[in-house]
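This report concerns only the one structure given below.
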Amino acid sequence: MRLSSFFMPTSRDDPAEAQIVSHRLMLRAGMIRQASAGIYSWLPLGYRVLRNVERIVREEQDRAGCQEMLMPTIQSADLWRESGRYEGYGKEMLRIEDRHGRDMLYGPTNEEQITEIFRHYIKSYRELPKLLYHIQWKFRDEVRPRFGVMRGREFLMKDSYSFDLDYEGARRSYNKMFVSYLRTFARLGLRAIPMEADTGPIGGDLSHEFIILAGTGESEVYCHRVLVEQDVLGTDVDYEGDLAPEVERWTSHYAATDEKFDEKEAAALGDDLVRARGIEVGHIFYFGTKYSRAMNATVRGPDDEEIVLEMGSYGIGVSRLVGAIIEASHDDDGIVWPDAVAPFRVGIVNLKPGDPGCDGACEDIYRALRGSGCETLMDDRALRAGAKFADMDLIGLPWQVIAGPRGIGNGRVELKRRDTGAREELSIESALSRLTAPADAGGPTAS
RNA sequence: CGGGGCGUGGCGCAGUCUGGUAGCGCACCUGCUUUGGGAGCAGGGGGUCGCAGGUUCGAAUCCUGCCGCCCCGACCA
């Protein structure tokens with residue numbers, strides 16, 4: 001993409017309404033535009049990141065054996081009357097009436113919807129277990145939306161639902177999602193710590209929040225050092241095998257948010273206690289037969305007995321993650337995208353557009369990178385060097401290729417790594433081979 | 001939902017207390033000079049001051065109502 005024609009309205013000044021760093025940077029980088037309180041349009045740069053996050057979430061769901069589908073945003077109130085939540089959910093639910101006077105709602109989540117689908121088609125124990133998910137926009141009419149996409153009213157969520165015959169099966173499904181979440185966040189360049197959680201209005205008696213560590217996180221968290229240090233992606237996971245030991249590896253150590261903070265338990269850790277700020281990016285629940293019983297979702301067992309389905313649900317805040325990643329990865333100059341989600345992998349900075357040498361070299365590099373499938377944004381705008389450097393740092397692409405008259409005479413460019421700031425002067429050829437080296441495609445080093 | 005604050009060119013703000021027909025910086029357009037970390041000079045365009053009523057000879061400014069947005073707290077992916 002040529003920056004001269006790319007729609008990327010960056011701004012030099014901080015917007016007045018944005019309080020936290022991710023919100024400020026997303027607005028300054030031209031990633032989002034607020035439509036109304038807690039509702040945002042995603043501009044091209046932001047949408048590219050959102051899609052990357054979504055893609056990784058999807059890949060890890062698929063890998064865990066979860067099947068993707070898509071349910072609607074608008075749901076019938078009748079379904080929610082069956083589960084009892086139509087009255088219970090309160091004002092957070094956006095209620096709509098259609099032209100015939102039917103009560104509808106913009107879905108805040110999809111337990112009822114998926115249960116209705118499931119009960120209609122699945123009649124035999126032979127068809128279990130099943131794990132289904134979708135990635136769809138949700139609406140929760142938060143009293144006070146804030147922090148940009150971190151707590152919007154409209155947000156993109158991945159929600160999965162498991163159906164099993166008994167507790168043991170439900171526990172296996174829960175463990176699959178537990179492990180896949182660890183992998184998902186690690187691939188996004190984040191360190192996520194699972195913490196025991198309240199189940200809230202969704203109900204149930206087994207639940208974990210996944211909290212990523214970020215200096216500017218909303219809540220204070222406490223955990224054992226091991227949880228911050230142990231490896232996530234190093235070993236291959238067999239989702240058909242026994243995942244209990246891996247879950248045990250993450251749940252046997254102390255970890256708590258400030259609400260559940262326990263002075264004594266924390267003190268017992270001594271020097272192993274890590275105190276940090278965190279942001280919730282995922283939440284998993286086992287809730288047994290709460291919805292299946294209310295909505296009569298049953299199958300026939302081997303002896304023709306009626307079995308009420310055991311269910312769980314598993315959510316990842318996809319749009320929230322974009323903000324959360326920035327909270328976890330930025331500096332004074334702007335965003336520092338992890339490679340896996342960066343809107344482009346490389347930014348080319350042509351320091352002197354109009355100079356035949358610079359133009360020619362930049363075009364060559366641009367073409368070569370694109371040819372090798374490397375997503376590249378070329379700043380060919382007629383601006384001063386300082387403005388271009390500032391914009392490039394602001395939008396945080398992992399690599400910058402800086403081409404100016406100084407080096408280009410000798411066929412050399414500067415290669416800059418955004419995260420470390422390391423710069424190196426190289427021949428164009430070596431720069432290209434460095435940049436087109438095999439990229440991480442879900443491999444072991446996602447941080 | 002309780003408490004507080006703010007709405008003035010695209011962005012950030014001053015002007016409001018004390019009423020007299022709107023200003024600054026950035027951005028934008030034109031020209032010249034500049035050109036490796038947000039240039040300089042000159043010229044130029046753009047605002048019914050959130051909306052609706054009211055007071056007044058006259059309202060961005062005073063009064064009333066409404067709308068929108070932000071912050072703190074309680075709640076949440």
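Identifiers in this document derive from the order of the structure tokens: chains are assigned A, B, ..., residues are numbered from 1 separately in each chain, and ligands are numbered from 1 in order of occurrence.
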Per-residue nearest contacts chain B to chain A, cut-off 8 Å, using only C-alpha atoms (C1' of nucleotides), as a Markdown table:
```
| residue | atom | partner | partner_atom | distance |
| --- | --- | --- | --- | --- |
| B:C1 | C1' | A:Val143 | CA | 7.8 |
| B:C11 | C1' | A:Asp13 | CA | 7.1 |
| B:G12 | C1' | A:Asp13 | CA | 6.9 |
| B:U35 | C1' | A:Arg384 | CA | 6.5 |
| B:G36 | C1' | A:Ala385 | CA | 6.4 |
| B:G37 | C1' | A:Gly386 | CA | 4.2 |
| B:G38 | C1' | A:Ala387 | CA | 4.4 |
| B:C69 | C1' | A:Ala37 | CA | 7.5 |
| B:C70 | C1' | A:Glu17 | CA | 5.8 |
| B:C75 | C1' | A:Val143 | CA | 8.0 |
| B:C76 | C1' | A:Glu142 | CA | 7.5 |
| B:A77 | C1' | A:Gly317 | CA | 4.6 |
```
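With only C-alpha atoms as the atoms that count, the minimum distance from Leu233 of chain A to the choices A:Arg63, A:Arg28, A:Arg275, A:Arg183 is reached by A:Arg183.
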Check segment 114-329 of chain A with DSSP on the backbone and list each residue it calls helix (DSSP H, G or I), as a PyMOL selection string. chain A and resi 114-121+125-127+148-150+167-187+200-202+225-229+244-251+258-260+263-272+290-294+318-328
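Nearest residue to C62 of chain B, choosing from B:U33, B:U18, B:U48, B:U8 and counting only C-alpha atoms (C1' of nucleotides): B:U18.
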I'd like the neighbourhood of G4 of chain B as a VMD selection string, where a residue qualifies if any of its atoms comes within 12 Å (using only C-alpha atoms (C1' of nucleotides)), though same-chain residues fewer than 3 positions away should be ignored. chain B and resid 70 to 73
Grab the residues selected above and save them as a compact mmCIF listing (two decimals), in the first residue's frame with N, CA and C atoms (P, O5', C5', C4', C3', O3' and C1' of nucleotides).
```txt
# COMPACT_ATOMS: atom_id res chain seq x y z
P C B 70 -17.81 9.44 25.41
O5' C B 70 -16.96 10.29 26.46
C5' C B 70 -15.69 10.79 26.11
C4' C B 70 -15.14 11.64 27.23
C3' C B 70 -14.99 10.95 28.58
O3' C B 70 -13.83 10.17 28.66
C1' C B 70 -16.01 13.06 28.89
P C B 71 -13.83 8.90 29.66
O5' C B 71 -13.68 9.60 31.08
C5' C B 71 -12.50 10.32 31.42
C4' C B 71 -12.65 10.97 32.77
C3' C B 71 -13.00 10.04 33.91
O3' C B 71 -11.88 9.34 34.42
C1' C B 71 -14.37 11.95 34.01
P C B 72 -12.11 7.85 34.98
O5' C B 72 -12.71 8.14 36.43
C5' C B 72 -11.98 8.86 37.41
C4' C B 72 -12.78 8.97 38.69
C3' C B 72 -13.48 7.69 39.13
O3' C B 72 -12.61 6.79 39.80
C1' C B 72 -15.00 9.48 39.27
P G B 73 -12.91 5.21 39.70
O5' G B 73 -14.27 5.06 40.50
C5' G B 73 -14.29 5.15 41.93
C4' G B 73 -15.70 5.03 42.44
C3' G B 73 -16.40 3.72 42.16
O3' G B 73 -16.05 2.72 43.08
C1' G B 73 -17.85 5.53 41.68
```
Between atom CA of Phe261 of chain A and atom CA of Ser180 of chain A, what is the distance in Å, rounded to a tenth? 26.2 Å
Residues near G65 of chain B, anyone? I mean within 12 Å using only C-alpha atoms (C1' of nucleotides), not counting same-chain ones fewer than 2 positions away, as an NGL selection string. :B and (51-54 or 63 or 67)
Okay, now the selection with N, CA and C atoms (P, O5', C5', C4', C3', O3' and C1' of nucleotides), as a PDB file, in the first residue's frame?
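Output saved as part09.pdb:
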```
ATOM      1  P     C B  51     -26.129  25.173  17.470  1.00  0.00           P
ATOM      2  O5'   C B  51     -27.521  24.474  17.771  1.00  0.00           O
ATOM      3  C5'   C B  51     -27.983  23.385  16.987  1.00  0.00           C
ATOM      4  C4'   C B  51     -29.294  22.876  17.543  1.00  0.00           C
ATOM      5  C3'   C B  51     -30.327  23.950  17.840  1.00  0.00           C
ATOM      6  O3'   C B  51     -31.042  24.345  16.676  1.00  0.00           O
ATOM      7  C1'   C B  51     -30.171  22.509  19.686  1.00  0.00           C
ATOM      8  P     A B  52     -31.654  25.797  16.591  1.00  0.00           P
ATOM      9  O5'   A B  52     -32.836  25.754  17.646  1.00  0.00           O
ATOM     10  C5'   A B  52     -33.885  24.826  17.491  1.00  0.00           C
ATOM     11  C4'   A B  52     -34.855  24.937  18.633  1.00  0.00           C
ATOM     12  C3'   A B  52     -35.252  26.355  19.003  1.00  0.00           C
ATOM     13  O3'   A B  52     -36.224  26.891  18.127  1.00  0.00           O
ATOM     14  C1'   A B  52     -34.751  25.148  20.966  1.00  0.00           C
ATOM     15  P     G B  53     -36.558  28.417  18.170  1.00  0.00           P
ATOM     16  O5'   G B  53     -37.526  28.445  19.422  1.00  0.00           O
ATOM     17  C5'   G B  53     -37.787  29.654  20.061  1.00  0.00           C
ATOM     18  C4'   G B  53     -38.252  29.409  21.477  1.00  0.00           C
ATOM     19  C3'   G B  53     -38.173  30.654  22.340  1.00  0.00           C
ATOM     20  O3'   G B  53     -39.306  31.485  22.143  1.00  0.00           O
ATOM     21  C1'   G B  53     -37.095  28.911  23.451  1.00  0.00           C
ATOM     22  P     G B  54     -39.003  32.964  21.681  1.00  0.00           P
ATOM     23  O5'   G B  54     -38.613  33.627  23.076  1.00  0.00           O
ATOM     24  C5'   G B  54     -39.483  33.467  24.194  1.00  0.00           C
ATOM     25  C4'   G B  54     -38.769  33.723  25.487  1.00  0.00           C
ATOM     26  C3'   G B  54     -38.173  35.110  25.661  1.00  0.00           C
ATOM     27  O3'   G B  54     -39.141  36.081  25.980  1.00  0.00           O
ATOM     28  C1'   G B  54     -36.642  33.479  26.439  1.00  0.00           C
ATOM     29  P     C B  63     -27.114  32.262  33.709  1.00  0.00           P
ATOM     30  O5'   C B  63     -28.691  32.307  33.483  1.00  0.00           O
ATOM     31  C5'   C B  63     -29.539  32.935  34.439  1.00  0.00           C
ATOM     32  C4'   C B  63     -30.980  32.741  34.026  1.00  0.00           C
ATOM     33  C3'   C B  63     -31.373  31.307  33.713  1.00  0.00           C
ATOM     34  O3'   C B  63     -31.701  30.584  34.884  1.00  0.00           O
ATOM     35  C1'   C B  63     -32.148  32.723  31.982  1.00  0.00           C
ATOM     36  P     C B  67     -32.842  14.885  26.846  1.00  0.00           P
ATOM     37  O5'   C B  67     -31.789  15.011  25.653  1.00  0.00           O
ATOM     38  C5'   C B  67     -32.190  14.808  24.309  1.00  0.00           C
ATOM     39  C4'   C B  67     -31.076  15.169  23.370  1.00  0.00           C
ATOM     40  C3'   C B  67     -29.734  14.502  23.650  1.00  0.00           C
ATOM     41  O3'   C B  67     -29.674  13.173  23.166  1.00  0.00           O
ATOM     42  C1'   C B  67     -29.390  16.797  23.262  1.00  0.00           C
TER      43        C B  67
END
```
So which one's closest to Gly360 of chain A, A:Met26, A:Leu397, A:Ile408, A:Met177? Using only C-alpha atoms, please. A:Ile408
